Every structure is written in structure tokens, then in C-alpha cells.
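*Asks:* File name protein37.pdb; file contents PDB, C-alpha atoms; full text below.
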```pdb
ATOM      1  CA  MET K   1       0.000   0.000   0.000
ATOM      2  CA  GLN K   2       1.417   3.356  -1.016
ATOM      3  CA  THR K   3       1.281   6.246   1.371
ATOM      4  CA  MET K   4      -0.247   9.614   0.666
ATOM      5  CA  PRO K   5       2.334  12.357   0.149
ATOM      6  CA  THR K   6       2.473  14.862   2.968
ATOM      7  CA  GLU K   7       2.996  18.608   2.804
ATOM      8  CA  ASP K   8       6.433  18.013   4.362
ATOM      9  CA  ASP K   9       7.288  15.652   1.473
ATOM     10  CA  VAL K  10       6.281  18.360  -1.000
ATOM     11  CA  VAL K  11       8.254  21.081   0.775
ATOM     12  CA  THR K  12      11.329  18.840   0.872
ATOM     13  CA  VAL K  13      11.380  18.397  -2.917
ATOM     14  CA  LEU K  14      10.593  22.071  -3.524
ATOM     15  CA  ARG K  15      13.582  23.074  -1.423
ATOM     16  CA  GLU K  16      15.773  21.171  -3.907
ATOM     17  CA  ILE K  17      14.828  23.592  -6.720
ATOM     18  CA  ILE K  18      17.313  26.438  -6.574
ATOM     19  CA  ASP K  19      16.985  29.793  -8.332
ATOM     20  CA  PRO K  20      20.451  30.336  -9.833
ATOM     21  CA  HIS K  21      20.049  34.114  -9.662
ATOM     22  CA  THR K  22      19.555  34.163  -5.892
ATOM     23  CA  ASP K  23      21.065  30.817  -4.872
ATOM     24  CA  MET K  24      17.912  30.246  -2.789
ATOM     25  CA  ASN K  25      15.284  27.550  -3.131
ATOM     26  CA  ILE K  26      11.897  28.467  -4.559
ATOM     27  CA  TYR K  27       9.995  27.459  -1.422
ATOM     28  CA  ASP K  28      11.949  29.656   0.979
ATOM     29  CA  MET K  29      11.766  32.513  -1.538
ATOM     30  CA  GLY K  30       7.988  32.483  -1.021
ATOM     31  CA  LEU K  31       7.158  31.480  -4.604
ATOM     32  CA  ILE K  32       4.942  28.548  -3.571
ATOM     33  CA  SER K  33       1.534  28.712  -1.898
ATOM     34  CA  ASP K  34      -1.694  26.741  -1.501
ATOM     35  CA  ILE K  35      -0.091  23.295  -1.122
ATOM     36  CA  VAL K  36      -2.776  20.621  -0.903
ATOM     37  CA  THR K  37      -2.158  16.877  -0.733
ATOM     38  CA  THR K  38      -4.886  14.275  -1.117
ATOM     39  CA  ASP K  39      -4.779  10.513  -1.642
ATOM     40  CA  ASP K  40      -2.563  10.420  -4.743
ATOM     41  CA  SER K  41      -2.547  14.083  -5.795
ATOM     42  CA  VAL K  42      -0.667  17.258  -5.019
ATOM     43  CA  SER K  43      -1.677  20.759  -6.033
ATOM     44  CA  LEU K  44       0.027  24.073  -5.451
ATOM     45  CA  THR K  45       0.396  27.579  -6.791
ATOM     46  CA  PHE K  46       3.669  28.879  -8.182
ATOM     47  CA  ARG K  47       4.283  32.616  -8.601
ATOM     48  CA  PRO K  48       7.536  33.419 -10.447
ATOM     49  CA  THR K  49       9.664  36.272  -9.126
ATOM     50  CA  SER K  50       8.396  38.583 -11.881
ATOM     51  CA  ARG K  51       5.957  38.622 -14.782
ATOM     52  CA  TRP K  52       8.939  38.236 -17.124
ATOM     53  CA  CYS K  53      10.938  35.667 -15.121
ATOM     54  CA  PRO K  54      13.128  33.923 -17.725
ATOM     55  CA  LEU K  55      13.087  30.704 -15.694
ATOM     56  CA  GLY K  56       9.313  30.598 -15.123
ATOM     57  CA  VAL K  57       8.666  27.789 -17.603
ATOM     58  CA  HIS K  58      11.701  25.816 -16.415
ATOM     59  CA  PHE K  59      10.703  26.118 -12.749
ATOM     60  CA  ALA K  60       7.066  25.139 -13.390
ATOM     61  CA  LEU K  61       8.063  22.028 -15.347
ATOM     62  CA  ASN K  62      10.683  21.107 -12.742
ATOM     63  CA  ILE K  63       8.128  21.483  -9.939
ATOM     64  CA  LYS K  64       5.688  19.166 -11.697
ATOM     65  CA  ARG K  65       8.391  16.600 -12.516
ATOM     66  CA  ARG K  66       9.594  16.485  -8.913
ATOM     67  CA  LEU K  67       6.066  16.234  -7.514
ATOM     68  CA  MET K  68       5.276  13.346  -9.865
ATOM     69  CA  ALA K  69       8.410  11.556  -8.630
ATOM     70  CA  LEU K  70       7.120  11.496  -5.035
ATOM     71  CA  ASP K  71       5.965   8.089  -3.822
ATOM     72  CA  GLY K  72       2.222   7.739  -4.169
ATOM     73  CA  VAL K  73       1.682  10.760  -6.448
ATOM     74  CA  ARG K  74      -0.288  10.074  -9.622
ATOM     75  CA  ASN K  75      -1.412  13.632 -10.319
ATOM     76  CA  ALA K  76       0.341  16.966  -9.794
ATOM     77  CA  ASP K  77      -1.465  20.227 -10.478
ATOM     78  CA  VAL K  78       0.861  23.226 -10.670
ATOM     79  CA  ARG K  79      -1.028  26.503 -11.053
ATOM     80  CA  VAL K  80       1.071  29.388 -12.325
ATOM     81  CA  ILE K  81       0.062  32.958 -11.585
ATOM     82  CA  GLY K  82       1.596  36.295 -12.439
ATOM     83  CA  HIS K  83       3.700  35.330 -15.475
ATOM     84  CA  VAL K  84       3.372  36.861 -18.921
ATOM     85  CA  HIS K  85       3.601  33.379 -20.530
ATOM     86  CA  LYS K  86       1.114  31.736 -18.160
ATOM     87  CA  ASP K  87      -0.899  30.245 -21.048
ATOM     88  CA  ARG K  88       2.204  28.643 -22.587
ATOM     89  CA  ILE K  89       3.278  27.308 -19.203
ATOM     90  CA  ASP K  90      -0.210  25.883 -18.538
ATOM     91  CA  GLU K  91      -0.134  24.185 -21.946
ATOM     92  CA  GLU K  92       3.244  22.593 -21.226
ATOM     93  CA  LEU K  93       2.065  21.413 -17.795
ATOM     94  CA  SER K  94      -1.065  19.772 -19.192
ATOM     95  CA  PRO K  95      -0.999  16.018 -19.672
ATOM     96  CA  SER K  96      -0.519  14.973 -23.288
TER      97      SER K  96
END
```
For this file, write the structure as C-alpha cells.
*Replies:*
Amino acid sequence: MQTMPTEDDVVTVLREIIDPHTDMNIYDMGLISDIVTTDDSVSLTFRPTSRWCPLGVHFALNIKRRLMALDGVRNADVRVIGHVHKDRIDEELSPS
């Protein structure tokens, strides 16, 4: 039986994603909010550092990839807010 991911599990993987411009992780920078874990799903909101953040797409895809790698996670919903390319990011995050 697989265990449900916890918020602590999510925070741990988010702290591994480092912004190369600040050398800080995206969680401690305050770029993540609204973390919700249920049975086999994780959802959260990601707000890049600016509307034009050049790493916004990269971070969003990395967040989803790392969430999906957590034991027990079958669905990861990463909502992006405040980025000029939000629609493109949402499209890339959508399942094929």
C-alpha cells in the first residue's frame, strides 16, 4: 500500500529547486503557496519572481516533474500565476 504524500514531502522536494540568480530555493523565496495533498494528488500555486521571469517555464516544469516523482503521487497540479507566458506554461504542464 502506497502512502499519501504529505505537505512536508512536498516542501522537501521544492527546497531542492534552486533559483540560480539568488542561490535560494523556490519554497523559501515564497514562490509557492496553496499546497494541498490528497490521496494520490498534489496541487500548489507557483508565482515566479516577476511577470517576465526567464526561468518561469523551467521552474514550473521542474516542480511538476519532482512532484510526480514522489511516492504515491499520480497527479500533480501546478497553477502558475503572475507570469506573462502563463498560457504557454499551462499548456506545457497539461498532460498529453
*Asks:* As a check of understanding, name the residues that the PyMOL selection byres ((chain K and resi 29) around 10) selects in the supplied structure, as a PyMOL selection string.
*Replies:* chain K and resi 15+18-19+22+24-28+30-32+48-49
*Asks:* Return the single residue from K:Ala76, K:Val84, K:Leu70, K:Val36 that is closest to Pro54 of chain K, with distances computed using all atoms listed in the file.
*Replies:*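 Using all atoms listed in the file, the shortest distance to Pro54 of chain K belongs to K:Val84.
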*Asks:* Report as a PyMOL selection string the residues that result from applying the PyMOL selection byres ((chain K and resi 67) around 8) to the structure here.
*Replies:* chain K and resi 10+13+42+63-66+68-70+73+76
*Asks:* Excluding same-chain residues fewer than 2 positions from Asp34 of chain K, what lies within 10 Å of it counting all atoms listed in the file, as a ChimeraX atom specification?
*Replies:* /K:32,36-37,43-46,79
*Asks:* Between atom CA of Asp39 of chain K and atom CA of Asn75 of chain K, measure the distance and give it in Å to one decimal.
*Replies:*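 Distance between the two atoms: 9.8 Å.
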*Asks:* Please, which residues are within 7 Å of (0.0, 14.8, 2.8) by the file's coordinates, counting all atoms listed in the file, and could they come as a list in words?
*Replies:* Met4, Pro5, Thr6, Glu7, Thr37 and Thr38 of chain K
*Asks:* With a distance cut-off of 10 Å and only C-alpha atoms, select the neighbouring residues of Gly56 of chain K, excluding the residue or stretch itself and same-chain residues fewer than 3 positions from it, and output the selection as a list in words.
*Replies:*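 Using only C-alpha atoms, the neighbours found are Phe46, Arg47, Pro48, Thr49, Ser50, Arg51, Trp52, Cys53, Phe59, Ala60, Leu61, Asn62, Val80, Gly82, His83, Val84, His85, Lys86 and Ile89 of chain K.
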*Asks:* Which residue is closest to Ser33 of chain K? Choose from K:Asp87, K:Glu92, K:Asp71, K:Val11 and count all atoms listed in the file.
*Replies:*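 Among the listed residues, the smallest separation from Ser33 of chain K belongs to K:Val11.
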*Asks:* Calculated over only C-alpha atoms, which of the candidates K:Asp77, K:His58, K:Ser41, K:Thr3 has the smallest distance to Ile17 of chain K?
*Replies:* K:His58
*Asks:* With distances taken over all atoms listed in the file, which of K:Val57, K:Ile81, K:Gly72, K:Ile35 is nearest to Asp8 of chain K?
*Replies:* K:Ile35
